There are 2 protein chains.
Amino acid sequence: MYDMLIANLRKHINLTAEDIDTITSRLNLKKVKRKHYLVAPQEYCRYEHFVIKGCFRSYFVDDRGDEHITYFAVEDYWITDLQSFISGEPATLYVEALEDSEVLQLSKNHLEELFQLVPQLNNYFRILYQKSIVSMNTRVLNAISSTADEHYLQFLKRYPFLEQRVPQYMIASYLGVTPEFLSKIRSRVLSRRS
Amino acid sequence: MYDMLIANLRKHINLTAEDIDTITSRLNLKKVKRKHYLVAPQEYCRYEHFVIKGCFRSYFVDDRGDEHITYFAVEDYWITDLQSFISGEPATLYVEALEDSEVLQLSKNHLEELFQLVPQLNNYFRILYQKSIVSMNTRVLNAISSTADEHYLQFLKRYPFLEQRVPQYMIASYLGVTPEFLSKIRSRVLSRRS
């Protein structure tokens with residue numbers, strides 16, 4: 001059950017067999033049924049989660065009750081309310097399983113311990129956070145300067161195969177458009193491709 | 001000229017005198033006149049910059065020619081187009097000096113070298129990137145769910161003293177409101193405080 005995570009870590013850092021033991025001994029397997037939550041607003045988010053099976057979305061609900069999807073995670077992705085996890089403040093996001101899923105949980109205390117015991121993990125998480133920053137920036141800039149068609153193409157590039165796994169209205173929410181408008185974008189983009 | 005940076009590093013990590021030498025030998029002092037640029041769109045942004053004197057803003061210009069300020073940096077702050085710096089793609093941001101300023105420049109090659117020579121820097125930049133993620137998230141969530149008055153109060157909290165150093169229209173741009181509306185917010189907030 002640790003193979004996917006170990007391969008992911010080893011893409012970025014060198015680890016001995018002992019390092020691997022140190023890391024895996026601090027992980028918990030958690031099974032999450034479809035439509036159940038890993039994180040919810042007002043709770044304290046004390047875990048990072050590495051997806052080994054299934055699919056999640058994170059979203060928040062604005063003052064008018066509208067949902068905004070901020071992120072999708074499938075196998076080989078980390079997901080959490082990073083802001084709450086880092087700052088220790090209550091969560092603002094929901095993290096919901098879209099399929100019956102399994103994650104490896106890593107608590108903040110264990111992670112802090114691991115930064116001491118396996119210092120290369122600082123390097124790994126630095127790279128992971130770099131990637132988060134780049135993709136958050138890209139989304140903010142896209143929201144302002146790209147066309148809806150470009151957003152959709154970038155979504156397909158960032159999350160290949162996800163379109164078959166989640167409902168269209170969620171993809172529309174992630175892109176910040178109505179489902180009707182997404183359907184127009186899709187037919188436009190597909191007709192240009194074929 | 002390295003004192004501020006060394007104090008900043010030592011807030012987060014332990015460094016020997018030798019580590020300090022290793023780091024400072026890879027830094028360049030760069031003086032930037034008011035209204036001059038550290039970074040501009042289409043250029044490759046190959047440096048991180050630590051401000052030791054002065055004040056900068058980063059902003060982008062959308063398709064309609066409107067400026068949007070994404071970040072301010074004063075003494076003891078890092079500034080760059082992080083996305084371009086990390087990804088190696090051309091910059092999308094301008095980084096402009098708002099006063100005659102001085103920065104310590106660290107090239108990407110030197111930083112990569114330093115991650116090997118002084119591994120604690122992985123820890124430092126991991127923490128720095130964590131903070132960026134938290135503040136980017138806060139800005140995105142605020143943009144959707146807080147009132148304009150709250151935005152302004154959060155700006156004052158995040159950047160104390162900056163109000164006296166930059167023109168009001170730039171603060172308005174950072175907050176995503178018109179200068180006229182900012183002036184209404186200010187009088188509302190100040191009257192409530194007094």
# chains A, B, ... in the order shown; residues from 1 in each chain; ligands from 1
call {"tool": "closest_atom_pairs", "arguments": {"of": "chain B", "to": "chain A", "cutoff": "6 Å", "atoms": "only C-alpha atoms", "output": "tab-separated table"}}
result
residue	atom	partner	partner_atom	distance
B:Asp62	CA	A:Ser145	CA	5.6
B:Gln83	CA	A:Val134	CA	5.0
B:Asn122	CA	A:Asn123	CA	5.1
B:Asn123	CA	A:Asn122	CA	5.1
B:Arg126	CA	A:Arg126	CA	4.3
B:Val134	CA	A:Gln83	CA	5.0
B:Ser145	CA	A:Asp62	CA	5.6
call {"tool": "write_last_selection", "arguments": {"atoms": "N, CA and C atoms", "output": "PDB file, in the first residue's frame"}}
result
ATOM      1  N   ASP B  62      -3.694  43.008 -17.656  1.00  0.00           N
ATOM      2  CA  ASP B  62      -4.598  42.079 -18.352  1.00  0.00           C
ATOM      3  C   ASP B  62      -4.806  42.495 -19.811  1.00  0.00           C
ATOM      4  N   GLN B  83       6.579  32.058 -10.207  1.00  0.00           N
ATOM      5  CA  GLN B  83       6.197  31.066 -11.210  1.00  0.00           C
ATOM      6  C   GLN B  83       7.267  30.940 -12.293  1.00  0.00           C
ATOM      7  N   ASN B 122      16.560  24.049   2.434  1.00  0.00           N
ATOM      8  CA  ASN B 122      15.329  23.409   1.983  1.00  0.00           C
ATOM      9  C   ASN B 122      14.215  23.663   2.983  1.00  0.00           C
ATOM     10  N   ASN B 123      14.585  23.560   4.240  1.00  0.00           N
ATOM     11  CA  ASN B 123      13.645  23.790   5.323  1.00  0.00           C
ATOM     12  C   ASN B 123      13.147  25.245   5.299  1.00  0.00           C
ATOM     13  N   ARG B 126      10.968  25.803   2.293  1.00  0.00           N
ATOM     14  CA  ARG B 126       9.691  25.108   2.500  1.00  0.00           C
ATOM     15  C   ARG B 126       8.766  25.990   3.345  1.00  0.00           C
ATOM     16  N   VAL B 134      -0.355  30.122   2.121  1.00  0.00           N
ATOM     17  CA  VAL B 134      -1.390  30.590   3.045  1.00  0.00           C
ATOM     18  C   VAL B 134      -1.868  31.979   2.635  1.00  0.00           C
ATOM     19  N   SER B 145     -15.277  35.940  -0.369  1.00  0.00           N
ATOM     20  CA  SER B 145     -16.217  35.865   0.746  1.00  0.00           C
ATOM     21  C   SER B 145     -16.137  37.000   1.773  1.00  0.00           C
TER      22      SER B 145
END
call {"tool": "residues_around", "arguments": {"residues": "Lys35 in chain A", "least_positions_apart": "4", "cutoff": "7 Å", "atoms": "only C-alpha atoms", "output": "MDAnalysis selection string"}}
result
chainID A and resid 96:98
call {"tool": "write_last_selection", "arguments": {"atoms": "N, CA and C atoms", "output": "PDB file, in the first residue's frame"}}
result
ATOM      1  N   GLU A  96     -14.006  16.331  -0.082  1.00  0.00           N
ATOM      2  CA  GLU A  96     -15.037  15.294  -0.192  1.00  0.00           C
ATOM      3  C   GLU A  96     -14.600  14.191  -1.152  1.00  0.00           C
ATOM      4  N   ALA A  97     -14.837  12.942  -0.759  1.00  0.00           N
ATOM      5  CA  ALA A  97     -14.545  11.808  -1.647  1.00  0.00           C
ATOM      6  C   ALA A  97     -15.625  11.724  -2.714  1.00  0.00           C
ATOM      7  N   LEU A  98     -15.209  11.647  -3.987  1.00  0.00           N
ATOM      8  CA  LEU A  98     -16.166  11.537  -5.093  1.00  0.00           C
ATOM      9  C   LEU A  98     -16.364  10.082  -5.496  1.00  0.00           C
TER      10      LEU A  98
END
call {"tool": "residues_around", "arguments": {"residues": "Lys30 in chain A", "least_positions_apart": "3", "cutoff": "8 Å", "atoms": "only C-alpha atoms", "output": "ChimeraX atom specification"}}
result
/A:102-105
call {"tool": "residues_around", "arguments": {"residues": "Thr70 in chain B", "least_positions_apart": "2", "cutoff": "10 Å", "atoms": "only C-alpha atoms", "output": "list of chain:residue names"}}
result
B:Arg57, B:Ser58, B:Tyr59, B:Phe60, B:Glu67, B:His68, B:Phe72, B:Leu93, B:Tyr94, B:Val95, B:Met136, B:Arg139, B:Ser173, B:Tyr174, B:Leu175, B:Gly176
call {"tool": "write_last_selection", "arguments": {"atoms": "N, CA and C atoms", "output": "PDB file, in the first residue's frame"}}
result
ATOM      1  N   ARG B  57       6.503  46.638  -5.945  1.00  0.00           N
ATOM      2  CA  ARG B  57       5.204  46.000  -6.167  1.00  0.00           C
ATOM      3  C   ARG B  57       5.367  45.020  -7.307  1.00  0.00           C
ATOM      4  N   SER B  58       4.584  43.943  -7.288  1.00  0.00           N
ATOM      5  CA  SER B  58       4.503  43.087  -8.471  1.00  0.00           C
ATOM      6  C   SER B  58       3.087  43.221  -9.011  1.00  0.00           C
ATOM      7  N   TYR B  59       2.966  43.249 -10.314  1.00  0.00           N
ATOM      8  CA  TYR B  59       1.642  43.389 -10.915  1.00  0.00           C
ATOM      9  C   TYR B  59       1.646  42.792 -12.314  1.00  0.00           C
ATOM     10  N   PHE B  60       0.448  42.509 -12.807  1.00  0.00           N
ATOM     11  CA  PHE B  60       0.351  42.108 -14.203  1.00  0.00           C
ATOM     12  C   PHE B  60      -0.666  42.997 -14.893  1.00  0.00           C
ATOM     13  N   GLU B  67      -3.981  47.232 -14.912  1.00  0.00           N
ATOM     14  CA  GLU B  67      -2.984  46.697 -13.980  1.00  0.00           C
ATOM     15  C   GLU B  67      -3.647  46.037 -12.774  1.00  0.00           C
ATOM     16  N   HIS B  68      -3.082  44.921 -12.335  1.00  0.00           N
ATOM     17  CA  HIS B  68      -3.547  44.286 -11.102  1.00  0.00           C
ATOM     18  C   HIS B  68      -2.340  44.011 -10.213  1.00  0.00           C
ATOM     19  N   PHE B  72       3.138  43.329  -2.497  1.00  0.00           N
ATOM     20  CA  PHE B  72       4.096  44.386  -2.177  1.00  0.00           C
ATOM     21  C   PHE B  72       5.248  43.773  -1.386  1.00  0.00           C
ATOM     22  N   LEU B  93       4.730  38.700 -14.753  1.00  0.00           N
ATOM     23  CA  LEU B  93       4.591  39.842 -13.847  1.00  0.00           C
ATOM     24  C   LEU B  93       5.643  40.910 -14.114  1.00  0.00           C
ATOM     25  N   TYR B  94       5.294  42.136 -13.781  1.00  0.00           N
ATOM     26  CA  TYR B  94       6.278  43.197 -13.591  1.00  0.00           C
ATOM     27  C   TYR B  94       6.640  43.251 -12.114  1.00  0.00           C
ATOM     28  N   VAL B  95       7.928  43.448 -11.795  1.00  0.00           N
ATOM     29  CA  VAL B  95       8.340  43.763 -10.427  1.00  0.00           C
ATOM     30  C   VAL B  95       9.036  45.121 -10.486  1.00  0.00           C
ATOM     31  N   MET B 136      -1.645  33.454  -0.349  1.00  0.00           N
ATOM     32  CA  MET B 136      -2.360  33.416  -1.628  1.00  0.00           C
ATOM     33  C   MET B 136      -3.776  32.894  -1.438  1.00  0.00           C
ATOM     34  N   ARG B 139      -5.985  35.455   0.099  1.00  0.00           N
ATOM     35  CA  ARG B 139      -6.423  36.471  -0.863  1.00  0.00           C
ATOM     36  C   ARG B 139      -7.534  35.947  -1.757  1.00  0.00           C
ATOM     37  N   SER B 173      -5.646  49.085  -6.321  1.00  0.00           N
ATOM     38  CA  SER B 173      -5.429  48.016  -7.304  1.00  0.00           C
ATOM     39  C   SER B 173      -5.179  46.680  -6.620  1.00  0.00           C
ATOM     40  N   TYR B 174      -4.365  46.712  -5.548  1.00  0.00           N
ATOM     41  CA  TYR B 174      -4.087  45.484  -4.792  1.00  0.00           C
ATOM     42  C   TYR B 174      -5.382  44.901  -4.237  1.00  0.00           C
ATOM     43  N   LEU B 175      -6.281  45.792  -3.777  1.00  0.00           N
ATOM     44  CA  LEU B 175      -7.540  45.342  -3.178  1.00  0.00           C
ATOM     45  C   LEU B 175      -8.611  45.056  -4.238  1.00  0.00           C
ATOM     46  N   GLY B 176      -8.330  45.434  -5.482  1.00  0.00           N
ATOM     47  CA  GLY B 176      -9.301  45.183  -6.545  1.00  0.00           C
ATOM     48  C   GLY B 176     -10.503  46.109  -6.500  1.00  0.00           C
TER      49      GLY B 176
END
call {"tool": "residues_around", "arguments": {"residues": "Val189 in chain B", "least_positions_apart": "3", "cutoff": "12 Å", "atoms": "only C-alpha atoms", "output": "list in words"}}
result
Thr147, Ala148, Asp149, Glu150, His151, Tyr152, Leu153, Gln154, Leu156, Leu182, Ser183, Lys184, Ile185, Arg186, Arg192, Arg193 and Ser194 of chain B
call {"tool": "atom_distance", "arguments": {"atom1": "CA of Ala17 in chain A", "atom2": "CA of Val118 in chain B"}}
result
23.9 Å
call {"tool": "closest_residue", "arguments": {"among": "B:Cys55, B:Ala73, B:Leu15, B:Leu106", "to": "His36 in chain B", "atoms": "only C-alpha atoms"}}
result
B:Cys55
call {"tool": "select_by_dssp", "arguments": {"residues": "chain A", "states": "strand (DSSP E or B)", "output": "VMD selection string"}}
result
chain A and resid 28 to 32 37 to 39 44 47 to 53 55 to 61 67 to 74 78 to 79 90 94 to 97 101 to 107
call {"tool": "closest_residue", "arguments": {"among": "B:Ala91, B:Leu190, B:Met170, B:Leu114", "to": "Arg26 in chain B", "atoms": "only C-alpha atoms"}}
result
B:Leu114
call {"tool": "residues_around", "arguments": {"residues": "range 50-53 of chain A", "least_positions_apart": "2", "cutoff": "10 Å", "atoms": "only C-alpha atoms", "output": "CSV table (one decimal) with N, CA and C atoms, in the first residue's frame"}}
result
chain,number,residue,atom,x,y,z
A,1,MET,N,0.8,-1.2,0.0
A,1,MET,CA,0.0,0.0,0.0
A,1,MET,C,0.8,1.3,0.0
A,2,TYR,N,2.1,1.1,0.3
A,2,TYR,CA,3.0,2.3,0.3
A,2,TYR,C,3.7,2.5,-1.0
A,3,ASP,N,3.6,1.6,-2.0
A,3,ASP,CA,4.4,1.6,-3.2
A,3,ASP,C,4.3,3.0,-4.0
A,4,MET,N,3.0,3.4,-4.1
A,4,MET,CA,2.8,4.6,-4.9
A,4,MET,C,3.5,5.8,-4.3
A,5,LEU,N,3.3,5.9,-3.0
A,5,LEU,CA,3.9,7.1,-2.3
A,5,LEU,C,5.5,7.0,-2.3
A,27,LEU,N,2.5,6.6,9.0
A,27,LEU,CA,1.3,6.8,8.1
A,27,LEU,C,0.2,5.9,8.6
A,29,LEU,N,-3.5,4.2,7.1
A,29,LEU,CA,-4.4,4.0,6.0
A,29,LEU,C,-5.8,4.5,6.5
A,30,LYS,N,-6.5,5.3,5.6
A,30,LYS,CA,-7.9,5.7,6.0
A,30,LYS,C,-8.7,5.4,4.7
A,31,LYS,N,-9.9,4.7,5.0
A,31,LYS,CA,-10.8,4.5,3.9
A,31,LYS,C,-11.9,5.5,4.0
A,32,VAL,N,-12.3,6.1,2.9
A,32,VAL,CA,-13.3,7.1,2.9
A,32,VAL,C,-14.4,6.7,1.8
A,47,TYR,N,-4.1,16.8,9.2
A,47,TYR,CA,-3.5,15.8,8.3
A,47,TYR,C,-3.3,16.2,6.9
A,48,GLU,N,-2.2,15.7,6.3
A,48,GLU,CA,-2.0,15.7,4.9
A,48,GLU,C,-2.5,14.3,4.5
A,55,CYS,N,-10.9,9.4,-5.7
A,55,CYS,CA,-10.9,10.7,-6.2
A,55,CYS,C,-11.6,11.7,-5.2
A,56,PHE,N,-11.0,12.9,-5.1
A,56,PHE,CA,-11.5,13.9,-4.1
A,56,PHE,C,-11.7,15.2,-4.8
A,73,ALA,N,-8.2,15.8,-6.6
A,73,ALA,CA,-7.0,14.9,-6.4
A,73,ALA,C,-7.4,13.5,-6.7
A,74,VAL,N,-6.6,12.8,-7.5
A,74,VAL,CA,-6.8,11.4,-7.8
A,74,VAL,C,-5.5,10.7,-7.2
A,75,GLU,N,-5.4,9.4,-7.6
A,75,GLU,CA,-4.2,8.6,-7.2
A,75,GLU,C,-2.9,9.4,-7.4
A,76,ASP,N,-2.0,9.3,-6.5
A,76,ASP,CA,-0.7,9.9,-6.6
A,76,ASP,C,-0.7,11.4,-6.3
A,77,TYR,N,-1.8,12.0,-5.8
A,77,TYR,CA,-1.9,13.4,-5.5
A,77,TYR,C,-2.0,13.5,-3.9
A,78,TRP,N,-1.5,14.6,-3.4
A,78,TRP,CA,-1.8,15.0,-2.0
A,78,TRP,C,-3.0,15.9,-2.0
A,79,ILE,N,-3.8,15.8,-0.9
A,79,ILE,CA,-4.9,16.7,-0.7
A,79,ILE,C,-5.1,17.0,0.8
A,80,THR,N,-5.3,18.3,1.1
A,80,THR,CA,-5.7,18.7,2.4
A,80,THR,C,-6.2,20.1,2.4
A,99,GLU,N,-15.5,9.2,-5.0
A,99,GLU,CA,-15.6,7.8,-5.2
A,99,GLU,C,-15.2,7.1,-3.9
A,100,ASP,N,-15.5,5.8,-3.7
A,100,ASP,CA,-14.9,5.1,-2.5
A,100,ASP,C,-13.4,5.2,-2.6
A,101,SER,N,-12.8,5.7,-1.6
A,101,SER,CA,-11.3,6.1,-1.7
A,101,SER,C,-10.5,5.6,-0.6
A,102,GLU,N,-9.2,5.6,-0.8
A,102,GLU,CA,-8.2,5.3,0.3
A,102,GLU,C,-7.1,6.3,0.3
A,103,VAL,N,-6.8,6.8,1.5
A,103,VAL,CA,-5.6,7.7,1.6
A,103,VAL,C,-4.7,7.3,2.6
A,104,LEU,N,-3.4,7.7,2.5
A,104,LEU,CA,-2.4,7.6,3.6
A,104,LEU,C,-2.4,8.9,4.3
A,105,GLN,N,-2.7,8.8,5.6
A,105,GLN,CA,-2.8,10.1,6.4
A,105,GLN,C,-1.5,10.3,7.1
A,106,LEU,N,-1.1,11.5,7.1
A,106,LEU,CA,0.2,11.9,7.8
A,106,LEU,C,-0.2,13.1,8.7
call {"tool": "select_by_dssp", "arguments": {"residues": "chain A", "states": "helix (DSSP H, G or I)", "output": "PyMOL selection string"}}
result
chain A and resi 3-10+17-24+82-87+108-117+120-145+148-158+162-164+168-175+179-193
